[in-house]
Amino acid sequence: MHPCENGSTSHADSSFPSTMNVLLLRSPTSDVPDRYEAVFRTHGYSPISVPVLETTLVHLEQLASKIVDGPSIHHFTGVIVTSKRSIEAWGRAVESVVARPRENVVVGEVGCGDEDKTSWASIPFYVIGEVTAGAARELGKRLQRRLCPEDVRGGSEAGSAEQLARIILEDGDVSGSKKMLYLTGDKNRDTMSKMLTEGGVGLEELQVYETRGSSTFAQDLEDELRKAGFAGCDGGDDTLSAWGWIVFFAPSAARHVYPALRDRFFFRRLVGTGDADEHRHGRKRTAKVAVIGPTTASFLRDELGLRVDVVAPKPTPAELASAIAAFDSASHSV
């Protein structure tokens, strides 16, 4: 059954106004409670998370080979990571290395006399977002530290590819001869590569994951709405009534899920980009739009023609929730 057709009164609806709903288009983490959901609850919101992408790690053998070689043989002065998936790939590659007896001997022997040349602990890892930075730091706590990131830079100060590129270019520790190992997915924009190449930084790119839209998103959305007790998006007699917030985390995910979301919610569009959806939204309830960073905001505006109400100042759960709460507070005070 379509979530909008559920006419029952829910526990969530009795506890929270409909405008306090928050749909997070992401997979909840293994943390209990999930950090995004927890921080939204502290602000009085009722959040749910629905996975939108299926991710597969690739080229782990190549990555493992580079890890065993160490940074010096390839003249790497840093590693660039723009996604938590790349950190997952690094961890899997390290696990494969330490699971091989022959490789373990090589790593151990080299580490005894030439550790600086094969250790990654002293190499800066430049990452986007605090979630990715936290995942990078965690690797060294459960795996061989010398094969994992210890010097993690960027994080909450780098909310976009442009910001991270500027941090790298301005970092005196990698001045002069710079060559970075750049771990990518299959949908990376060329923003980072262009800025760094023009700034004199050499890049060796290695794709370590690929993503595709979840084939079960529409059903998962319906199931999660029902499980959480949300009344869905039927606006009843008031066709413009507010449902709450929908939060987008990546352009590729937004492109995949937007058709299913548009079937259930009414989105405000930018002036001059409207289509029949603006006039035939039926009984859909209106959703406000928030994004985790400027890259996703640009995609929603430029490619989908959507009005973006909130862009998180930094790509962290706290900054995102605070920005949404501030927007709602300002709207209610008008």
# chains A, B, ... in the order shown; residues from 1 in each chain; ligands from 1
$ residues_around --residues "region 28-39 of chain A" --least-positions-apart "2" --cutoff "6 Å" --atoms "only C-alpha atoms" --output "list in words"
Arg41, Thr42, Pro47, Ser49 and Pro317 of chain A
$ residues_around --residues "Arg153 (chain A)" --least-positions-apart "4" --cutoff "7 Å" --atoms "only C-alpha atoms" --output "list in words"
Pro124, Phe125, Tyr126 and Val127 of chain A
$ write_last_selection --atoms "all heavy atoms" --output "PDB file, in the first residue's frame"
ATOM      1  N   PRO A 124      49.917  12.166   5.457  1.00  0.00           N
ATOM      2  CA  PRO A 124      48.621  12.823   5.670  1.00  0.00           C
ATOM      3  C   PRO A 124      47.512  12.219   4.809  1.00  0.00           C
ATOM      4  O   PRO A 124      47.710  11.979   3.611  1.00  0.00           O
ATOM      5  CB  PRO A 124      48.867  14.282   5.256  1.00  0.00           C
ATOM      6  CG  PRO A 124      50.305  14.410   4.948  1.00  0.00           C
ATOM      7  CD  PRO A 124      50.907  13.058   4.871  1.00  0.00           C
ATOM      8  N   PHE A 125      46.373  11.964   5.427  1.00  0.00           N
ATOM      9  CA  PHE A 125      45.166  11.551   4.721  1.00  0.00           C
ATOM     10  C   PHE A 125      44.218  12.748   4.720  1.00  0.00           C
ATOM     11  O   PHE A 125      43.798  13.200   5.788  1.00  0.00           O
ATOM     12  CB  PHE A 125      44.508  10.353   5.405  1.00  0.00           C
ATOM     13  CG  PHE A 125      45.124   9.028   5.063  1.00  0.00           C
ATOM     14  CD1 PHE A 125      46.436   8.739   5.433  1.00  0.00           C
ATOM     15  CD2 PHE A 125      44.400   8.064   4.373  1.00  0.00           C
ATOM     16  CE1 PHE A 125      47.011   7.517   5.126  1.00  0.00           C
ATOM     17  CE2 PHE A 125      44.969   6.833   4.046  1.00  0.00           C
ATOM     18  CZ  PHE A 125      46.279   6.558   4.429  1.00  0.00           C
ATOM     19  N   TYR A 126      43.920  13.263   3.541  1.00  0.00           N
ATOM     20  CA  TYR A 126      43.048  14.424   3.408  1.00  0.00           C
ATOM     21  C   TYR A 126      41.639  13.940   3.107  1.00  0.00           C
ATOM     22  O   TYR A 126      41.405  13.270   2.090  1.00  0.00           O
ATOM     23  CB  TYR A 126      43.558  15.337   2.293  1.00  0.00           C
ATOM     24  CG  TYR A 126      44.939  15.897   2.561  1.00  0.00           C
ATOM     25  CD1 TYR A 126      46.074  15.237   2.100  1.00  0.00           C
ATOM     26  CD2 TYR A 126      45.098  17.074   3.287  1.00  0.00           C
ATOM     27  CE1 TYR A 126      47.340  15.738   2.348  1.00  0.00           C
ATOM     28  CE2 TYR A 126      46.361  17.582   3.539  1.00  0.00           C
ATOM     29  CZ  TYR A 126      47.483  16.918   3.078  1.00  0.00           C
ATOM     30  OH  TYR A 126      48.738  17.422   3.331  1.00  0.00           O
ATOM     31  N   VAL A 127      40.690  14.274   3.979  1.00  0.00           N
ATOM     32  CA  VAL A 127      39.355  13.697   3.863  1.00  0.00           C
ATOM     33  C   VAL A 127      38.284  14.777   3.899  1.00  0.00           C
ATOM     34  O   VAL A 127      38.471  15.856   4.466  1.00  0.00           O
ATOM     35  CB  VAL A 127      39.089  12.676   4.987  1.00  0.00           C
ATOM     36  CG1 VAL A 127      40.179  11.624   5.030  1.00  0.00           C
ATOM     37  CG2 VAL A 127      38.968  13.365   6.339  1.00  0.00           C
TER      38      VAL A 127
END
$ atom_distance --atom1 "CA of Phe265 (chain A)" --atom2 "CA of Val247 (chain A)"
13.1 Å
$ select_by_dssp --residues "region 128-299 of chain A" --states "alpha helix (DSSP H)" --output "count of residues only"
63
$ closest_residue --among "A:Arg212, A:Lys288, A:Arg301, A:Lys66" --to "Ser241 (chain A)" --atoms "only C-alpha atoms"
A:Lys288
$ closest_residue --among "A:Glu205, A:Glu198, A:Glu150, A:Glu170" --to "His59 (chain A)" --atoms "only C-alpha atoms"
A:Glu205
$ closest_residue --among "A:Ser214, A:Gly91, A:Val291, A:Ala297" --to "His256 (chain A)" --atoms "only C-alpha atoms"
A:Ser214
$ residues_around --residues "Gly154 (chain A)" --least-positions-apart "4" --cutoff "9 Å" --atoms "only C-alpha atoms" --output "PyMOL selection string"
chain A and resi 125-130+133+158-159+163-164+167-168
$ residues_around --residues "Ala287 (chain A)" --least-positions-apart "2" --cutoff "8 Å" --atoms "only C-alpha atoms" --output "count of residues only"
11
$ residues_around --residues "region 69-83 of chain A" --least-positions-apart "5" --cutoff "10 Å" --atoms "only C-alpha atoms" --output "CSV table (one decimal) with N, CA, C and O atoms, in the first residue's frame"
chain,number,residue,atom,x,y,z
A,63,LEU,N,44.8,-1.9,-4.5
A,63,LEU,CA,45.0,-1.1,-3.3
A,63,LEU,C,45.9,-1.8,-2.3
A,63,LEU,O,46.8,-1.2,-1.7
A,64,ALA,N,45.7,-3.1,-2.0
A,64,ALA,CA,46.5,-3.8,-1.1
A,64,ALA,C,47.9,-3.8,-1.5
A,64,ALA,O,48.8,-3.7,-0.7
A,88,GLU,N,36.5,2.4,4.0
A,88,GLU,CA,36.1,1.0,4.1
A,88,GLU,C,36.9,0.1,3.2
A,88,GLU,O,37.4,-1.0,3.5
A,106,VAL,N,56.7,-10.1,4.9
A,106,VAL,CA,57.3,-9.0,4.1
A,106,VAL,C,57.1,-7.7,4.9
A,106,VAL,O,58.0,-7.0,5.1
A,107,VAL,N,55.9,-7.5,5.3
A,107,VAL,CA,55.6,-6.3,6.1
A,107,VAL,C,56.4,-6.2,7.4
A,107,VAL,O,56.9,-5.2,7.7
A,110,VAL,N,60.2,-5.6,6.6
A,110,VAL,CA,60.5,-4.3,6.2
A,110,VAL,C,60.3,-3.3,7.3
A,110,VAL,O,61.1,-2.4,7.5
A,115,GLU,N,61.0,1.2,8.5
A,115,GLU,CA,59.6,1.4,8.7
A,115,GLU,C,59.1,2.7,8.1
A,115,GLU,O,58.0,2.8,7.6
A,116,ASP,N,59.9,3.7,8.1
A,116,ASP,CA,59.5,5.0,7.6
A,116,ASP,C,59.1,4.9,6.1
A,116,ASP,O,58.2,5.6,5.7
A,117,LYS,N,59.8,4.1,5.4
A,117,LYS,CA,59.5,4.0,4.0
A,117,LYS,C,58.2,3.2,3.7
A,117,LYS,O,57.6,3.4,2.6
A,118,THR,N,57.8,2.3,4.5
A,118,THR,CA,56.6,1.5,4.3
A,118,THR,C,55.4,1.8,5.2
A,118,THR,O,54.3,1.4,4.9
A,119,SER,N,55.6,2.7,6.2
A,119,SER,CA,54.6,3.0,7.1
A,119,SER,C,53.7,4.2,6.5
A,119,SER,O,54.2,5.1,5.9
A,120,TRP,N,52.4,4.0,6.7
A,120,TRP,CA,51.5,5.1,6.2
A,120,TRP,C,51.1,6.0,7.4
A,120,TRP,O,50.3,7.0,7.2
A,122,SER,N,52.7,8.2,9.0
A,122,SER,CA,53.2,9.6,8.9
A,122,SER,C,52.7,10.3,7.6
A,122,SER,O,53.0,11.5,7.4
A,123,ILE,N,51.9,9.6,6.8
A,123,ILE,CA,51.4,10.2,5.6
A,123,ILE,C,50.1,10.9,5.8
A,123,ILE,O,49.2,10.3,6.4
A,124,PRO,N,49.9,12.2,5.5
A,124,PRO,CA,48.6,12.8,5.7
A,124,PRO,C,47.5,12.2,4.8
A,124,PRO,O,47.7,12.0,3.6
A,125,PHE,N,46.4,12.0,5.4
A,125,PHE,CA,45.2,11.6,4.7
A,125,PHE,C,44.2,12.7,4.7
A,125,PHE,O,43.8,13.2,5.8
A,126,TYR,N,43.9,13.3,3.5
A,126,TYR,CA,43.0,14.4,3.4
A,126,TYR,C,41.6,13.9,3.1
A,126,TYR,O,41.4,13.3,2.1
A,127,VAL,N,40.7,14.3,4.0
A,127,VAL,CA,39.4,13.7,3.9
A,127,VAL,C,38.3,14.8,3.9
A,127,VAL,O,38.5,15.9,4.5
A,128,ILE,N,37.1,14.5,3.3
A,128,ILE,CA,36.0,15.4,3.3
A,128,ILE,C,35.0,14.9,4.4
A,128,ILE,O,34.6,13.8,4.4
A,129,GLY,N,34.7,15.8,5.3
A,129,GLY,CA,33.7,15.5,6.3
A,129,GLY,C,34.2,14.8,7.5
A,129,GLY,O,35.1,14.0,7.5
A,131,VAL,N,32.5,12.7,9.4
A,131,VAL,CA,32.2,11.2,9.4
A,131,VAL,C,33.3,10.4,8.8
A,131,VAL,O,33.7,9.4,9.3
A,132,THR,N,33.8,10.8,7.6
A,132,THR,CA,34.9,10.1,7.0
A,132,THR,C,36.1,10.2,7.8
A,132,THR,O,36.9,9.2,7.9
A,133,ALA,N,36.4,11.4,8.4
A,133,ALA,CA,37.6,11.5,9.2
A,133,ALA,C,37.5,10.6,10.4
A,133,ALA,O,38.6,10.0,10.7
A,135,ALA,N,36.0,7.7,10.6
A,135,ALA,CA,36.1,6.4,10.1
A,135,ALA,C,37.6,6.1,9.9
A,135,ALA,O,38.1,5.0,10.1
A,136,ALA,N,38.3,7.1,9.3
A,136,ALA,CA,39.8,6.9,9.1
A,136,ALA,C,40.5,6.7,10.4
A,136,ALA,O,41.4,5.9,10.5
A,146,ARG,N,50.5,1.0,11.5
A,146,ARG,CA,51.5,1.5,10.5
A,146,ARG,C,50.9,1.3,9.1
A,146,ARG,O,51.5,1.9,8.2
A,147,LEU,N,49.9,0.6,8.9
A,147,LEU,CA,49.2,0.4,7.6
A,147,LEU,C,48.0,1.3,7.5
A,147,LEU,O,47.3,1.3,6.4
A,149,PRO,N,45.7,5.1,8.5
A,149,PRO,CA,45.8,6.6,8.6
A,149,PRO,C,45.9,7.0,10.1
A,149,PRO,O,45.2,6.4,11.0
A,151,ASP,N,47.5,10.5,10.6
A,151,ASP,CA,47.5,12.0,10.4
A,151,ASP,C,46.4,12.3,9.4
A,151,ASP,O,46.5,12.3,8.2
A,152,VAL,N,45.2,12.6,10.0
A,152,VAL,CA,44.0,12.8,9.2
A,152,VAL,C,43.7,14.3,9.2
A,152,VAL,O,43.6,15.0,10.3
A,153,ARG,N,43.6,14.9,8.0
A,153,ARG,CA,43.4,16.3,7.9
A,153,ARG,C,42.1,16.7,7.1
A,153,ARG,O,41.7,15.8,6.3
A,154,GLY,N,41.6,17.9,7.2
A,154,GLY,CA,40.4,18.2,6.5
A,154,GLY,C,39.2,18.0,7.5
A,154,GLY,O,39.0,18.8,8.3
A,155,GLY,N,38.5,16.9,7.3
A,155,GLY,CA,37.4,16.6,8.1
A,155,GLY,C,36.3,17.6,8.1
A,155,GLY,O,35.8,18.0,7.1
A,158,ALA,N,36.5,20.6,5.9
A,158,ALA,CA,36.5,20.4,4.4
A,158,ALA,C,35.1,19.8,4.1
A,158,ALA,O,35.0,18.6,4.1
A,159,GLY,N,34.2,20.6,3.7
A,159,GLY,CA,32.8,20.1,3.4
A,159,GLY,C,32.6,19.9,2.0
A,159,GLY,O,31.5,19.4,1.6
A,160,SER,N,33.6,20.2,1.1
A,160,SER,CA,33.4,20.0,-0.3
A,160,SER,C,34.8,19.7,-0.9
A,160,SER,O,35.8,19.9,-0.3
A,161,ALA,N,34.7,19.3,-2.2
A,161,ALA,CA,36.0,19.0,-2.9
A,161,ALA,C,36.8,20.3,-3.1
A,161,ALA,O,38.1,20.2,-2.9
A,164,LEU,N,38.6,21.0,0.3
A,164,LEU,CA,39.7,20.1,0.6
A,164,LEU,C,40.8,20.4,-0.4
A,164,LEU,O,42.0,20.3,0.1
A,165,ALA,N,40.6,20.7,-1.6
A,165,ALA,CA,41.7,21.0,-2.5
A,165,ALA,C,42.5,22.2,-2.1
A,165,ALA,O,43.7,22.2,-2.1
A,168,ILE,N,44.8,21.2,0.8
A,168,ILE,CA,46.0,20.5,0.3
A,168,ILE,C,47.0,21.5,-0.3
A,168,ILE,O,48.2,21.4,0.0
A,173,ASP,N,53.3,21.1,4.6
A,173,ASP,CA,53.9,19.8,4.8
A,173,ASP,C,54.1,19.0,3.5
A,173,ASP,O,54.8,18.1,3.4
A,174,VAL,N,53.3,19.4,2.5
A,174,VAL,CA,53.4,18.7,1.2
A,174,VAL,C,53.8,19.7,0.1
A,174,VAL,O,53.6,19.5,-1.0
A,175,SER,N,54.5,20.8,0.5
A,175,SER,CA,55.0,21.7,-0.5
A,175,SER,C,56.1,21.1,-1.3
A,175,SER,O,56.7,20.1,-0.9
A,177,SER,N,57.5,18.9,-4.1
A,177,SER,CA,57.1,17.8,-4.9
A,177,SER,C,55.9,17.1,-4.2
A,177,SER,O,56.0,16.6,-3.1
A,178,LYS,N,54.7,17.2,-4.9
A,178,LYS,CA,53.5,16.6,-4.3
A,178,LYS,C,53.0,15.6,-5.3
A,178,LYS,O,52.8,15.8,-6.4
A,179,LYS,N,52.7,14.4,-4.7
A,179,LYS,CA,52.0,13.4,-5.5
A,179,LYS,C,51.1,12.7,-4.5
A,179,LYS,O,51.5,12.2,-3.5
A,180,MET,N,49.8,12.7,-4.9
A,180,MET,CA,48.8,12.1,-4.0
A,180,MET,C,48.2,10.8,-4.6
A,180,MET,O,48.0,10.7,-5.8
A,181,LEU,N,47.9,9.9,-3.7
A,181,LEU,CA,47.1,8.7,-4.1
A,181,LEU,C,45.6,9.2,-3.8
A,181,LEU,O,45.2,9.5,-2.7
A,182,TYR,N,44.8,9.2,-4.9
A,182,TYR,CA,43.5,9.7,-4.8
A,182,TYR,C,42.5,8.5,-5.0
A,182,TYR,O,42.4,7.9,-6.0
A,183,LEU,N,41.8,8.2,-3.9
A,183,LEU,CA,40.9,7.1,-3.9
A,183,LEU,C,39.5,7.6,-4.3
A,183,LEU,O,39.0,8.5,-3.7
A,184,THR,N,39.0,7.0,-5.4
A,184,THR,CA,37.7,7.5,-5.9
A,184,THR,C,36.7,6.5,-6.0
A,184,THR,O,36.9,5.3,-5.9
A,185,GLY,N,35.5,7.0,-6.3
A,185,GLY,CA,34.4,6.1,-6.7
A,185,GLY,C,34.2,6.2,-8.2
A,185,GLY,O,35.0,6.6,-8.9
A,188,ASN,N,32.9,10.3,-9.4
A,188,ASN,CA,33.6,11.5,-9.0
A,188,ASN,C,33.5,12.6,-10.0
A,188,ASN,O,33.7,12.4,-11.2
A,192,MET,N,38.1,18.3,-8.0
A,192,MET,CA,39.3,18.1,-7.2
A,192,MET,C,40.5,17.9,-8.1
A,192,MET,O,41.5,18.6,-7.9
A,201,VAL,N,50.0,19.6,-8.2
A,201,VAL,CA,49.9,18.4,-7.4
A,201,VAL,C,49.7,17.2,-8.4
A,201,VAL,O,48.7,17.2,-9.1
A,202,GLY,N,50.5,16.3,-8.3
A,202,GLY,CA,50.4,15.1,-9.2
A,202,GLY,C,49.4,14.1,-8.5
A,202,GLY,O,49.3,14.0,-7.3
A,203,LEU,N,48.6,13.5,-9.3
A,203,LEU,CA,47.5,12.6,-8.8
A,203,LEU,C,47.7,11.2,-9.4
A,203,LEU,O,47.8,11.1,-10.6
A,204,GLU,N,47.6,10.2,-8.6
A,204,GLU,CA,47.4,8.8,-9.1
A,204,GLU,C,46.0,8.3,-8.6
A,204,GLU,O,45.9,8.1,-7.4
A,205,GLU,N,45.1,8.2,-9.5
A,205,GLU,CA,43.7,7.9,-9.1
A,205,GLU,C,43.5,6.4,-9.1
A,205,GLU,O,44.0,5.7,-10.0
A,209,TYR,N,35.5,2.0,-5.2
A,209,TYR,CA,34.1,1.6,-5.0
A,209,TYR,C,33.3,2.1,-6.2
A,209,TYR,O,33.7,3.0,-6.9
$ residues_around --residues "Leu143 (chain A)" --least-positions-apart "5" --cutoff "8 Å" --atoms "only C-alpha atoms" --output "PyMOL selection string"
chain A and resi 91+94-95+148
$ closest_residue --among "A:Ala121, A:Ala260, A:Leu60, A:Leu320" --to "Ser96 (chain A)" --atoms "only C-alpha atoms"
A:Leu60
$ select_by_dssp --residues "region 135-301 of chain A" --states "strand (DSSP E or B)" --output "ChimeraX atom specification"
/A:151-155,179-184,202-207,209-213,234,242-248,265-267,269,284-291
$ atom_distance --atom1 "CA of Thr286 (chain A)" --atom2 "CA of Leu24 (chain A)"
15.9 Å
$ closest_residue --among "A:Val310, A:Ala93, A:Ile87, A:Leu300" --to "Leu139 (chain A)" --atoms "only C-alpha atoms"
A:Ile87
$ decode --residues "region 7-99 of chain A" --atoms "C-alpha atoms" --output "mmCIF file, in the first residue's frame"
data_model
loop_
_atom_site.group_PDB
_atom_site.id
_atom_site.type_symbol
_atom_site.label_atom_id
_atom_site.label_comp_id
_atom_site.auth_asym_id
_atom_site.auth_seq_id
_atom_site.Cartn_x
_atom_site.Cartn_y
_atom_site.Cartn_z
ATOM 1 C CA GLY A 7 -5.222 6.655 7.138
ATOM 2 C CA SER A 8 -4.495 5.322 10.592
ATOM 3 C CA THR A 9 -3.390 7.570 13.422
ATOM 4 C CA SER A 10 0.168 6.719 14.396
ATOM 5 C CA HIS A 11 2.139 6.912 17.590
ATOM 6 C CA ALA A 12 4.721 9.123 15.854
ATOM 7 C CA ASP A 13 2.018 11.514 14.719
ATOM 8 C CA SER A 14 0.618 11.815 18.220
ATOM 9 C CA SER A 15 4.053 12.679 19.591
ATOM 10 C CA PHE A 16 5.397 14.957 16.855
ATOM 11 C CA PRO A 17 3.816 17.580 14.618
ATOM 12 C CA SER A 18 3.960 16.488 10.979
ATOM 13 C CA THR A 19 6.334 19.339 10.210
ATOM 14 C CA MET A 20 8.917 17.736 12.527
ATOM 15 C CA ASN A 21 9.372 14.705 10.263
ATOM 16 C CA VAL A 22 12.870 14.261 8.822
ATOM 17 C CA LEU A 23 13.586 11.734 6.070
ATOM 18 C CA LEU A 24 17.332 11.053 5.848
ATOM 19 C CA LEU A 25 18.286 9.610 2.462
ATOM 20 C CA ARG A 26 21.154 7.483 3.720
ATOM 21 C CA SER A 27 21.926 4.155 5.306
ATOM 22 C CA PRO A 28 21.856 4.307 9.103
ATOM 23 C CA THR A 29 25.225 3.506 10.616
ATOM 24 C CA SER A 30 25.967 0.567 12.857
ATOM 25 C CA ASP A 31 26.288 3.022 15.746
ATOM 26 C CA VAL A 32 23.483 2.721 18.279
ATOM 27 C CA PRO A 33 21.928 5.180 18.213
ATOM 28 C CA ASP A 34 22.689 6.449 14.720
ATOM 29 C CA ARG A 35 24.431 9.832 15.046
ATOM 30 C CA TYR A 36 22.206 11.664 12.575
ATOM 31 C CA GLU A 37 18.994 10.296 14.028
ATOM 32 C CA ALA A 38 20.164 10.965 17.593
ATOM 33 C CA VAL A 39 21.033 14.610 17.020
ATOM 34 C CA PHE A 40 17.742 15.280 15.244
ATOM 35 C CA ARG A 41 15.854 13.795 18.183
ATOM 36 C CA THR A 42 17.644 16.187 20.547
ATOM 37 C CA HIS A 43 16.143 19.023 18.495
ATOM 38 C CA GLY A 44 12.669 17.511 18.789
ATOM 39 C CA TYR A 45 12.460 15.996 15.309
ATOM 40 C CA SER A 46 11.255 12.519 14.367
ATOM 41 C CA PRO A 47 13.832 11.102 11.912
ATOM 42 C CA ILE A 48 13.986 7.978 9.768
ATOM 43 C CA SER A 49 16.775 6.775 7.480
ATOM 44 C CA VAL A 50 16.214 4.975 4.189
ATOM 45 C CA PRO A 51 19.170 3.554 2.179
ATOM 46 C CA VAL A 52 19.332 4.907 -1.354
ATOM 47 C CA LEU A 53 22.490 3.352 -2.796
ATOM 48 C CA GLU A 54 24.074 -0.057 -3.149
ATOM 49 C CA THR A 55 27.866 0.065 -2.979
ATOM 50 C CA THR A 56 30.453 -2.460 -4.104
ATOM 51 C CA LEU A 57 34.149 -2.238 -3.289
ATOM 52 C CA VAL A 58 36.443 -2.791 -6.288
ATOM 53 C CA HIS A 59 40.157 -3.077 -7.118
ATOM 54 C CA LEU A 60 41.058 -4.106 -3.575
ATOM 55 C CA GLU A 61 44.003 -6.194 -4.791
ATOM 56 C CA GLN A 62 45.570 -3.141 -6.421
ATOM 57 C CA LEU A 63 45.021 -1.084 -3.281
ATOM 58 C CA ALA A 64 46.467 -3.832 -1.083
ATOM 59 C CA SER A 65 49.562 -3.960 -3.288
ATOM 60 C CA LYS A 66 50.145 -0.229 -2.856
ATOM 61 C CA ILE A 67 49.643 -0.484 0.894
ATOM 62 C CA VAL A 68 52.256 -3.244 1.139
ATOM 63 C CA ASP A 69 54.704 -1.275 -1.030
ATOM 64 C CA GLY A 70 54.386 1.747 1.222
ATOM 65 C CA PRO A 71 54.191 5.396 0.177
ATOM 66 C CA SER A 72 57.881 5.952 -0.570
ATOM 67 C CA ILE A 73 58.205 3.558 -3.510
ATOM 68 C CA HIS A 74 55.392 5.404 -5.290
ATOM 69 C CA HIS A 75 56.536 8.829 -4.037
ATOM 70 C CA PHE A 76 53.184 9.533 -2.400
ATOM 71 C CA THR A 77 53.119 12.563 -0.115
ATOM 72 C CA GLY A 78 49.464 12.140 0.813
ATOM 73 C CA VAL A 79 46.231 10.230 0.311
ATOM 74 C CA ILE A 80 42.953 11.884 -0.721
ATOM 75 C CA VAL A 81 39.671 10.420 0.509
ATOM 76 C CA THR A 82 36.317 11.971 -0.373
ATOM 77 C CA SER A 83 34.005 9.236 0.910
ATOM 78 C CA LYS A 84 33.662 6.897 3.871
ATOM 79 C CA ARG A 85 33.430 4.100 1.284
ATOM 80 C CA SER A 86 37.078 4.690 0.389
ATOM 81 C CA ILE A 87 38.031 4.255 4.047
ATOM 82 C CA GLU A 88 36.069 0.989 4.078
ATOM 83 C CA ALA A 89 38.051 -0.113 1.029
ATOM 84 C CA TRP A 90 41.345 0.774 2.743
ATOM 85 C CA GLY A 91 40.331 -1.251 5.789
ATOM 86 C CA ARG A 92 39.334 -4.262 3.697
ATOM 87 C CA ALA A 93 42.620 -4.076 1.802
ATOM 88 C CA VAL A 94 44.622 -3.964 5.043
ATOM 89 C CA GLU A 95 42.669 -6.937 6.366
ATOM 90 C CA SER A 96 43.537 -8.898 3.236
ATOM 91 C CA VAL A 97 47.208 -8.028 3.692
ATOM 92 C CA VAL A 98 47.460 -9.163 7.296
ATOM 93 C CA ALA A 99 45.535 -12.347 6.497
#
